[in-house]
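For reference, the structure discussed in these notes is given below.
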Amino acid sequence: MFNSHSIEVRKLTKKFGSFTAVNEISFDTEKGEIFGFLGANGAGKSTAIKMLCGLWTPTSGEAKVAGFDIYKENEKIKRRIGYMSQKFSLYQDLTARENIRFYAGIYGMPDTKIKEKTEVLLDRLKLSEFADVQINSLPLGWKQKLAFSVAVFHEPEIVFLDEPTGGVDPVTRRDFWEMIYDTAKLGTTIFVTTHYMDESEYCDRISIMVDGRIEALGSPIELKERYDSKTMDEVFVKLARPAAIK
Amino acid sequence: MKRFIAFVRKEFHHILRDWRTLIILFGMPIIQILLFGFAITNEIKDASIAILDQANDAHSKALINKILSTDYFKLEQYLSNQSQIEPVFRKGKVKEVIIFERDFSQKLDKEKISGIQLLADATDPNTATIILNYTQGIIAGYQADQNVLSRLPFNIQVQTEMFYNKELKGVYLFVPGLIAIILMLVSAMMTSISITKEKEFGTMEILLATPMRPGIIIIAKVIPYLLLSFINALIILTLGYFVFGVPVHGSITLLLFEMILFVLTVLSLGIFISTVTSSQQVALMASLMGLMLPTILLSGFIFPIENMPLLLQIISNIVPAKWFIIIIKNIMLKGTGLAIIWEETLIIFGFMIFFISLSVKNFKPRLA
Amino acid sequence: MQHINLEVDKGEIFGLIGPDGAGKTTLIRILTTLLLPDSGTAQVMGMDVIKDYRPLRRLFGYMPGRFSLYEDLTVEENLELFASIFGTTIQENYYLIEDIYKQIEPFKTRRAGKLSGGMKQKLALSCAMIHKPDVIFLDEPTTGVDPVSRREFWYMLRKLKEHGITIFVSTPYMDEASQCDRIALIQAGKILSIDTPQGIVNQFEGDLYAVITNKKHQLVKDLRNYKNAKSVFLFGNYIHYSDKTIFLDKQGLTDYLKNLNHGEIEIRKVEPTIEDCFLALMGNLTGEVTHV
């Protein structure tokens, strides 16, 4: 069944006791696509991403990531994906260099290759001067950009970003998305969740989750037409209003 | 394998960069070895004794000389009559009283038998036993020495008596100490967390932005713990009395008053800790390392202070619990009144004022 | 924070707009007497924030960044607590918070920790208003809350303004700026501009264009390399572009893009948003964006 889809999901479900966090979601993503996963807090986005990363086992449904089954071939998946979340990505008391070395080592990159790529990366991020200070003394924007670079350092097929741009200034956010664009151009699939509606417009396609179900799926332009809205914010409000009175 | 090494290396980085972990890893074992090594000793040194020499003759003086020439004992006072015995024990000045009967030498030389009475303060039964054993050992040694050259050996009969704790019950020692420790635990640790919790959760910020004065906030936080600690202490007292027979010979009112005083002191200490820490974790650690450990080791709860090296004895003076344990033991086991323990009470009162002032000074009406 | 100067008029909604680390919380904490400035003065309702902090603390309402409610108290208990701290009762000023509180009233016996983000927000606002303050300070009240609740919140703020209450609110969301009477844009501890939202937009230098082609991902780089490019920023589906020349040579730009194999080229003039102004003003600071 493996073709050009980097992620295939069929009726994926996750229940915690009697509470259904993710309710039979289905979608596919293409290689090199920027796929946005939108929804309010508690709608099920994080749960869905965690299942695809192999952090949580689904209750039912099927999914293939990078062509491998998420139940049986978890280990193979983990080698081919990258992950970055807002809450945690880099170790604050390690330096930039140490962080890169650690994560690259985890993914089995040989030392010589790590050294090479590290210098290139530090140069591109303009972090060469600060490569050996502890991360916690760097501004938030630089940390986020570094975290993303580390997540894709080992050249994964798919990278999962869980709310990656919380709180940074508008310029840094745009730098970040330009880095995402560059990565997508190389053929990496980007799976990103966010609650910033305006960022959803940077994606090729979006799905909007409400109460565990996917209520809308399509490109930003399609969705705005379908729901007769000028902005993604409006689309979301139209979809989410009934559920928000809770 | 590479992954493994990468991970191990990362862990080393974390450990070596976190001062808290380093303290636990290296600091604590060193401190513990030092403290335990010095504090735990079953030997006695310089134990204060009083002597009632009703004979005042050759043998008694010789024997007294021998006793005092060892490191074990230190002469606190010569008594002149029996009525002084009780008071000197009451005041806690001596651990043992040695009584020589009249005509001691005469009786030994002519009748070949005489008596010495050894009275020990058994509020700490372990120490009392050891002291008595040492004394008896010295007396027996003297007797043996003297009898070597004599064809007709004499016999010194030693009679021992335990004051305040005839059955040498360990629990008499424990219960007072336990009260101190538990009060310390509930009061200090809990208050120190209580305020830092508000800081961590952010509710402190909104409290400060209201008309609530910082002083009022502190008092309001302290009162529940005061009440609870008090109830705790009462429970222990009651259990001690009914289940283990630990007596309260002195005035219960005085006892309760002293307990409240101690609790207030410890609460102020807890508040002070919380004014200088910003996270519950650090507050807890500070309480543990700064309070519990020294209190258990240096307050006289388990290990007698007199047996410790001088440095530790000096340090023990700044442990509030030490003074409190003296007070409790006095009231409960010896039935002493304020007249005797007013100094210790004043010291604890001083501690309380000190901690309260520090706290008030530190508790700023602003975040920074 | 450096050399901040601003004035807020009675009864207006004043927005402090800027990203994380810009200094919004610091400024609000100084105004609410919780932090001492290193230099300079500030007055709220005519009283000095340093000297008169005690009487001031009776008079304003405050909703800090993390809502700061007592999580293990119920909704009702939280409200009662704040009412009694300020020496009033829930009944006395109920009319002020009625619209807000009605929405969470069905949950009044639920512990505050178990509320959703939107409900915590409403509760925190009620607690801040319960003593009928003349001024309220709200620090990022809509952060981390779903878009529906965000809209409802601003609706509630506008209703509060009708009661004559001065509202000082900070937010990282640029689109909320248009809901304020006047705004201050702040970044890295400095104020970039203060004006009405329309006034800020009017300050934008030159024309702004939205550009889109069928090779979206490549477009940014290509535009940047264009000889006349002044600013090039991602903006949702489009790239917002401004040109060094006063009158854009549309044909020239189109040809340039065609040569780089872009198709479906669309270039049209657009009205700048607050975010566009912010980006332009940020560019004027320094090359590097650093946080305080």
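Letters for chains follow the order of the structure tokens (A, B, ...), residue numbers begin at 1 for each chain, and ligand numbers begin at 1 in the order shown.
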In range 8-241 of chain A, DSSP strand (DSSP E or B) residues written as a ChimeraX atom specification: /A:8-16,19-30,34-39,60-65,68-69,81-85,95,134,158-162,189-194,205-210,213-218
Residue contacts of Met174 in chain C (7 Å, only C-alpha atoms) excluding same-chain residues fewer than 4 positions away, as a ChimeraX atom specification: /C:17,274-275
Give me the residues of chain B that have any atom at most 8 Å from an atom of chain C; for each, the nearest atom pair and the distance in Å, rounded to one decimal. Use only C-alpha atoms, sort by chain and number, and format it as CSV.
```
residue,atom,partner,partner_atom,distance
B:Phe201,CA,C:Ser68,CA,6.9
B:Gly202,CA,C:Ser68,CA,5.3
B:Thr203,CA,C:Ser68,CA,4.7
B:Glu205,CA,C:Leu34,CA,7.6
B:Ile206,CA,C:Ser68,CA,6.6
B:Leu208,CA,C:Leu34,CA,7.2
B:Ala209,CA,C:Arg57,CA,5.5
B:Thr210,CA,C:Arg57,CA,5.0
B:Pro211,CA,C:Arg58,CA,5.2
B:Met212,CA,C:Ile85,CA,6.7
B:Pro365,CA,C:Leu34,CA,7.6
B:Arg366,CA,C:Leu34,CA,4.6
B:Leu367,CA,C:Leu34,CA,5.4
B:Ala368,CA,C:Leu35,CA,5.4
```
Neighbours of chain C in chain A at 9 Å, counting only C-alpha atoms, as a PyMOL selection string: chain A and resi 39-42+139-141+166-172+174-175+177-178+181-182+184-185+195-203+220-221+233+236-237+240-241+244-246
Export C-alpha atoms of the chosen residues as a compact mmCIF listing (two decimals), in the first residue's frame?
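out-v9.txt, written as the output of this step:
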```txt
# COMPACT_ATOMS: atom_id res chain seq x y z
CA GLY A 39 -7.57 22.95 16.79
CA ALA A 40 -8.22 24.44 20.19
CA ASN A 41 -6.42 23.25 23.29
CA GLY A 42 -7.79 19.90 24.25
CA PRO A 139 17.03 34.42 23.52
CA LEU A 140 13.87 32.44 22.90
CA GLY A 141 13.85 33.00 19.16
CA GLY A 166 4.76 30.02 20.85
CA GLY A 167 5.56 33.50 22.05
CA VAL A 168 8.34 34.55 19.71
CA ASP A 169 8.41 37.90 17.95
CA PRO A 170 6.93 38.24 14.43
CA VAL A 171 10.30 38.39 12.70
CA THR A 172 11.62 35.25 14.36
CA ARG A 174 8.85 34.25 9.95
CA ASP A 175 12.49 33.17 9.99
CA TRP A 177 8.72 29.39 8.76
CA GLU A 178 11.27 30.17 6.10
CA TYR A 181 9.92 26.06 3.74
CA ASP A 182 13.55 25.28 3.00
CA ALA A 184 10.04 21.10 2.81
CA LYS A 185 11.75 21.91 -0.47
CA HIS A 195 -3.14 27.46 17.50
CA TYR A 196 -1.99 30.58 15.65
CA MET A 197 -4.59 30.73 12.92
CA ASP A 198 -2.55 33.05 10.74
CA GLU A 199 0.27 30.52 10.61
CA SER A 200 -2.09 27.98 9.21
CA GLU A 201 -1.95 29.94 5.98
CA TYR A 202 1.70 28.95 5.55
CA CYS A 203 0.66 25.34 5.22
CA PRO A 220 -6.33 27.29 3.24
CA ILE A 221 -7.82 28.72 0.06
CA ASP A 233 -9.65 32.60 12.12
CA PHE A 236 -12.20 28.16 12.83
CA VAL A 237 -14.78 30.15 14.71
CA ALA A 240 -15.66 25.54 16.71
CA ARG A 241 -18.41 27.75 18.07
CA ALA A 244 -16.89 26.13 22.71
CA ILE A 245 -20.04 26.62 24.72
CA LYS A 246 -19.00 24.02 27.30
```
Should the cut-off be 8 Å, what would the residue list for chain B against chain A look like, counting only C-alpha atoms, as an mmCIF file with C-alpha atoms, in the first residue's frame?
```cif
data_model
loop_
_atom_site.group_PDB
_atom_site.id
_atom_site.type_symbol
_atom_site.label_atom_id
_atom_site.label_comp_id
_atom_site.auth_asym_id
_atom_site.auth_seq_id
_atom_site.Cartn_x
_atom_site.Cartn_y
_atom_site.Cartn_z
ATOM 1 C CA LYS B 2 26.937 5.006 20.053
ATOM 2 C CA ARG B 3 23.562 6.085 21.277
ATOM 3 C CA PHE B 4 24.307 4.684 24.641
ATOM 4 C CA ALA B 6 25.930 9.803 23.744
ATOM 5 C CA PHE B 7 23.295 9.475 26.401
ATOM 6 C CA LYS B 10 24.708 13.939 28.388
ATOM 7 C CA HIS B 13 26.830 17.098 31.794
ATOM 8 C CA HIS B 14 23.546 17.465 33.655
ATOM 9 C CA ARG B 17 26.207 21.383 36.171
#
```
Atomic separation - CA of Ala42 in chain C relative to CA of Phe14 in chain C, Å: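 Answer for the CA of Phe14 in chain C to CA of Ala42 in chain C separation: 16.0 Å.
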Residues of range 38-156 of chain B in helix (DSSP H, G or I), written as a tab-separated table (two decimals) with N, CA and C atoms, in the first residue's frame:
```tsv
chain	number	residue	atom	x	y	z
B	38	PHE	N	31.56	11.83	64.74
B	38	PHE	CA	31.86	12.51	65.99
B	38	PHE	C	30.72	12.44	67.00
B	39	ALA	N	29.50	12.48	66.47
B	39	ALA	CA	28.38	12.60	67.40
B	39	ALA	C	28.06	11.29	68.09
B	58	ALA	N	41.13	9.86	104.47
B	58	ALA	CA	42.19	9.41	103.55
B	58	ALA	C	41.63	8.66	102.36
B	59	HIS	N	40.89	7.58	102.63
B	59	HIS	CA	40.38	6.76	101.52
B	59	HIS	C	39.45	7.56	100.62
B	60	SER	N	38.54	8.33	101.23
B	60	SER	CA	37.57	9.04	100.39
B	60	SER	C	38.30	10.04	99.50
B	61	LYS	N	39.26	10.73	100.09
B	61	LYS	CA	39.97	11.72	99.27
B	61	LYS	C	40.76	11.05	98.16
B	62	ALA	N	41.39	9.92	98.51
B	62	ALA	CA	42.18	9.21	97.50
B	62	ALA	C	41.29	8.75	96.36
B	63	LEU	N	40.15	8.18	96.70
B	63	LEU	CA	39.23	7.67	95.70
B	63	LEU	C	38.69	8.80	94.84
B	64	ILE	N	38.33	9.89	95.50
B	64	ILE	CA	37.84	11.05	94.74
B	64	ILE	C	38.90	11.52	93.76
B	65	ASN	N	40.12	11.57	94.23
B	65	ASN	CA	41.22	11.98	93.38
B	65	ASN	C	41.30	11.11	92.13
B	66	LYS	N	41.21	9.80	92.37
B	66	LYS	CA	41.30	8.87	91.26
B	66	LYS	C	40.18	9.09	90.27
B	67	ILE	N	38.99	9.29	90.82
B	67	ILE	CA	37.83	9.48	89.93
B	67	ILE	C	38.03	10.74	89.08
B	68	LEU	N	38.46	11.80	89.74
B	68	LEU	CA	38.54	13.07	89.04
B	68	LEU	C	39.74	13.18	88.11
B	82	GLN	N	22.66	16.28	102.34
B	82	GLN	CA	21.76	15.53	101.47
B	82	GLN	C	20.69	16.39	100.80
B	83	SER	N	20.31	17.45	101.48
B	83	SER	CA	19.20	18.24	100.93
B	83	SER	C	19.60	18.95	99.65
B	84	GLN	N	20.90	18.95	99.37
B	84	GLN	CA	21.32	19.64	98.14
B	84	GLN	C	21.24	18.75	96.92
B	85	ILE	N	21.02	17.47	97.16
B	85	ILE	CA	21.07	16.52	96.04
B	85	ILE	C	19.97	16.79	95.03
B	86	GLU	N	18.75	16.79	95.54
B	86	GLU	CA	17.61	16.97	94.63
B	86	GLU	C	17.74	18.24	93.79
B	87	PRO	N	18.02	19.37	94.43
B	87	PRO	CA	18.12	20.60	93.63
B	87	PRO	C	19.18	20.52	92.53
B	88	VAL	N	20.32	19.90	92.86
B	88	VAL	CA	21.38	19.92	91.87
B	88	VAL	C	21.02	19.06	90.66
B	89	PHE	N	20.23	18.01	90.94
B	89	PHE	CA	19.75	17.20	89.81
B	89	PHE	C	18.71	17.98	89.03
B	90	ARG	N	17.82	18.62	89.79
B	90	ARG	CA	16.76	19.40	89.17
B	90	ARG	C	17.32	20.40	88.19
B	104	PHE	N	34.26	6.69	106.39
B	104	PHE	CA	34.52	5.78	105.27
B	104	PHE	C	35.82	5.01	105.47
B	105	SER	N	36.92	5.72	105.69
B	105	SER	CA	38.23	5.05	105.81
B	105	SER	C	38.25	4.17	107.06
B	106	GLN	N	37.74	4.72	108.14
B	106	GLN	CA	37.74	3.96	109.38
B	106	GLN	C	37.04	2.62	109.20
B	107	LYS	N	35.84	2.66	108.57
B	107	LYS	CA	35.08	1.44	108.39
B	107	LYS	C	35.82	0.47	107.50
B	108	LEU	N	36.47	1.00	106.46
B	108	LEU	CA	37.19	0.11	105.54
B	108	LEU	C	38.35	-0.55	106.27
B	109	ASP	N	39.11	0.22	107.06
B	109	ASP	CA	40.29	-0.34	107.70
B	109	ASP	C	39.89	-1.32	108.81
B	110	LYS	N	38.88	-0.91	109.61
B	110	LYS	CA	38.57	-1.76	110.76
B	110	LYS	C	37.58	-2.85	110.40
B	125	PRO	N	18.76	7.41	79.91
B	125	PRO	CA	19.12	6.15	80.57
B	125	PRO	C	20.44	5.56	80.07
B	126	ASN	N	20.72	5.75	78.78
B	126	ASN	CA	21.96	5.16	78.25
B	126	ASN	C	23.17	5.78	78.92
B	127	THR	N	23.19	7.10	78.92
B	127	THR	CA	24.33	7.78	79.53
B	127	THR	C	24.44	7.43	81.00
B	128	ALA	N	23.29	7.41	81.69
B	128	ALA	CA	23.31	7.11	83.12
B	128	ALA	C	23.94	5.77	83.39
B	129	THR	N	23.54	4.79	82.60
B	129	THR	CA	24.09	3.45	82.79
B	129	THR	C	25.60	3.45	82.60
B	130	ILE	N	26.04	4.10	81.54
B	130	ILE	CA	27.46	4.12	81.25
B	130	ILE	C	28.23	4.80	82.39
B	131	ILE	N	27.70	5.92	82.84
B	131	ILE	CA	28.39	6.67	83.91
B	131	ILE	C	28.52	5.81	85.17
B	132	LEU	N	27.42	5.16	85.49
B	132	LEU	CA	27.48	4.31	86.67
B	132	LEU	C	28.51	3.21	86.50
B	133	ASN	N	28.52	2.63	85.30
B	133	ASN	CA	29.48	1.55	85.06
B	133	ASN	C	30.91	2.05	85.19
B	134	TYR	N	31.19	3.18	84.61
B	134	TYR	CA	32.54	3.73	84.71
B	134	TYR	C	32.93	3.95	86.17
B	135	THR	N	31.98	4.61	86.89
B	135	THR	CA	32.29	4.92	88.29
B	135	THR	C	32.57	3.64	89.07
B	136	GLN	N	31.70	2.68	88.85
B	136	GLN	CA	31.89	1.41	89.55
B	136	GLN	C	33.20	0.78	89.16
B	137	GLY	N	33.54	0.91	87.90
B	137	GLY	CA	34.82	0.36	87.45
B	137	GLY	C	35.98	0.99	88.17
B	138	ILE	N	35.95	2.30	88.31
B	138	ILE	CA	37.05	3.00	88.98
B	138	ILE	C	37.14	2.58	90.45
B	139	ILE	N	35.97	2.49	91.05
B	139	ILE	CA	35.95	2.09	92.46
B	139	ILE	C	36.52	0.69	92.62
B	140	ALA	N	36.09	-0.21	91.72
B	140	ALA	CA	36.60	-1.59	91.79
B	140	ALA	C	38.10	-1.61	91.58
B	141	GLY	N	38.58	-0.78	90.65
B	141	GLY	CA	40.02	-0.71	90.39
B	141	GLY	C	40.78	-0.25	91.62
B	142	TYR	N	40.23	0.77	92.27
B	142	TYR	CA	40.87	1.27	93.49
B	142	TYR	C	40.92	0.17	94.54
B	143	GLN	N	39.79	-0.48	94.65
B	143	GLN	CA	39.71	-1.55	95.64
B	143	GLN	C	40.74	-2.61	95.36
B	144	ALA	N	40.87	-3.00	94.12
B	144	ALA	CA	41.84	-4.04	93.76
B	144	ALA	C	43.26	-3.58	94.06
B	145	ASP	N	43.59	-2.35	93.63
B	145	ASP	CA	44.94	-1.81	93.90
B	145	ASP	C	45.27	-1.88	95.37
B	146	GLN	N	44.35	-1.36	96.17
B	146	GLN	CA	44.60	-1.26	97.60
B	146	GLN	C	44.76	-2.65	98.21
B	147	ASN	N	43.99	-3.57	97.72
B	147	ASN	CA	43.99	-4.89	98.35
B	147	ASN	C	45.16	-5.77	97.92
B	148	VAL	N	45.88	-5.36	96.94
B	148	VAL	CA	47.01	-6.17	96.48
B	148	VAL	C	48.01	-6.42	97.60
```
Using only C-alpha atoms, which protein or nucleic acid residues come within 12 Å of Lys10 in chain C? Drop anything in the same chain fewer than 3 positions from it, and give the result as an mmCIF file with C-alpha atoms, in the first residue's frame.
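Full text of out.cif as output:
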```
data_model
loop_
_atom_site.group_PDB
_atom_site.id
_atom_site.type_symbol
_atom_site.label_atom_id
_atom_site.label_comp_id
_atom_site.auth_asym_id
_atom_site.auth_seq_id
_atom_site.Cartn_x
_atom_site.Cartn_y
_atom_site.Cartn_z
ATOM 1 C CA GLU C 7 -0.105 58.230 28.842
ATOM 2 C CA ILE C 13 -8.927 50.660 26.070
ATOM 3 C CA PHE C 14 -5.167 50.868 25.750
ATOM 4 C CA VAL C 44 -1.853 55.621 38.186
ATOM 5 C CA MET C 45 -5.039 57.550 38.942
ATOM 6 C CA GLY C 46 -2.897 60.438 40.036
ATOM 7 C CA ASP C 134 -11.581 52.443 37.964
ATOM 8 C CA VAL C 135 -8.618 50.924 36.167
ATOM 9 C CA ILE C 136 -7.854 47.320 35.332
ATOM 10 C CA LYS C 161 -15.561 50.187 28.779
ATOM 11 C CA GLU C 162 -19.164 51.337 28.644
ATOM 12 C CA HIS C 163 -19.083 51.510 32.435
ATOM 13 C CA GLY C 164 -16.295 54.036 32.161
ATOM 14 C CA ILE C 165 -13.495 51.733 33.265
ATOM 15 C CA THR C 166 -9.995 52.345 31.942
ATOM 16 C CA ILE C 167 -8.569 49.146 30.525
ATOM 17 C CA PHE C 168 -4.839 48.555 30.085
ATOM 18 C CA ASP C 181 -8.712 52.749 21.247
ATOM 19 C CA ARG C 182 -4.987 53.357 21.241
#
```
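The shortest atom-to-atom distance to Leu115 in chain C, with only C-alpha atoms taken into account, belongs to C:Asp72 out of C:Asp9, C:Asp207, C:Glu176, C:Asp72.
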Shell around Val175 in chain B at 8 Å using only C-alpha atoms, local window under 2 positions removed, as a ChimeraX atom specification: /B:171-173,177-179,236-237,240,246
Write a file of the just-selected residues containing N, CA and C atoms, as a tab-separated table (two decimals), in the first residue's frame.
```
chain	number	residue	atom	x	y	z
B	171	VAL	N	11.99	5.15	76.31
B	171	VAL	CA	10.91	5.97	75.77
B	171	VAL	C	10.84	7.32	76.48
B	172	TYR	N	11.31	7.38	77.73
B	172	TYR	CA	11.31	8.67	78.42
B	172	TYR	C	12.20	9.65	77.69
B	173	LEU	N	13.23	9.10	77.08
B	173	LEU	CA	14.14	9.97	76.34
B	173	LEU	C	13.53	10.33	75.00
B	177	GLY	N	11.95	14.19	72.84
B	177	GLY	CA	12.65	14.52	71.61
B	177	GLY	C	11.76	14.44	70.40
B	178	LEU	N	10.90	13.43	70.42
B	178	LEU	CA	9.99	13.24	69.30
B	178	LEU	C	9.06	14.43	69.14
B	179	ILE	N	8.58	14.93	70.25
B	179	ILE	CA	7.71	16.10	70.17
B	179	ILE	C	8.43	17.23	69.46
B	236	ILE	N	0.87	13.29	70.74
B	236	ILE	CA	2.06	12.53	71.13
B	236	ILE	C	2.16	12.44	72.65
B	237	LEU	N	1.93	13.57	73.32
B	237	LEU	CA	1.97	13.59	74.78
B	237	LEU	C	1.02	12.56	75.36
B	240	GLY	N	2.10	9.12	74.64
B	240	GLY	CA	3.25	8.80	75.49
B	240	GLY	C	2.82	8.46	76.90
B	246	VAL	N	4.88	7.63	79.98
B	246	VAL	CA	5.79	8.76	80.17
B	246	VAL	C	5.07	9.82	80.99
```
CA of Met190 in chain B to CA of Gly270 in chain B, distance in Å rounded to a single decimal: 7.5 Å
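Of the residues listed (B:Ala180, B:Ala120, B:Gln54, B:Val8), B:Ala120 shows the shortest atom-to-atom separation from Tyr164 in chain B; distances use only C-alpha atoms.
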From B:Ile340, B:Val282, B:Val319, B:Leu269, residue lying nearest Ile305 in chain B [only C-alpha atoms]: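 Under the stated criterion, the closest residue is B:Val319.
Pairwise distance (CA of Arg79 in chain A, CA of Ala151 in chain A) equals 11.8 Å.
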Residue neighbourhood Met259 in chain B, 10 Å, only C-alpha atoms, exclusion window fewer than 3 positions, as number ranges by chain: B: 179-180, 183, 229-230, 233-234, 253-256, 262-265, 324, 327-328
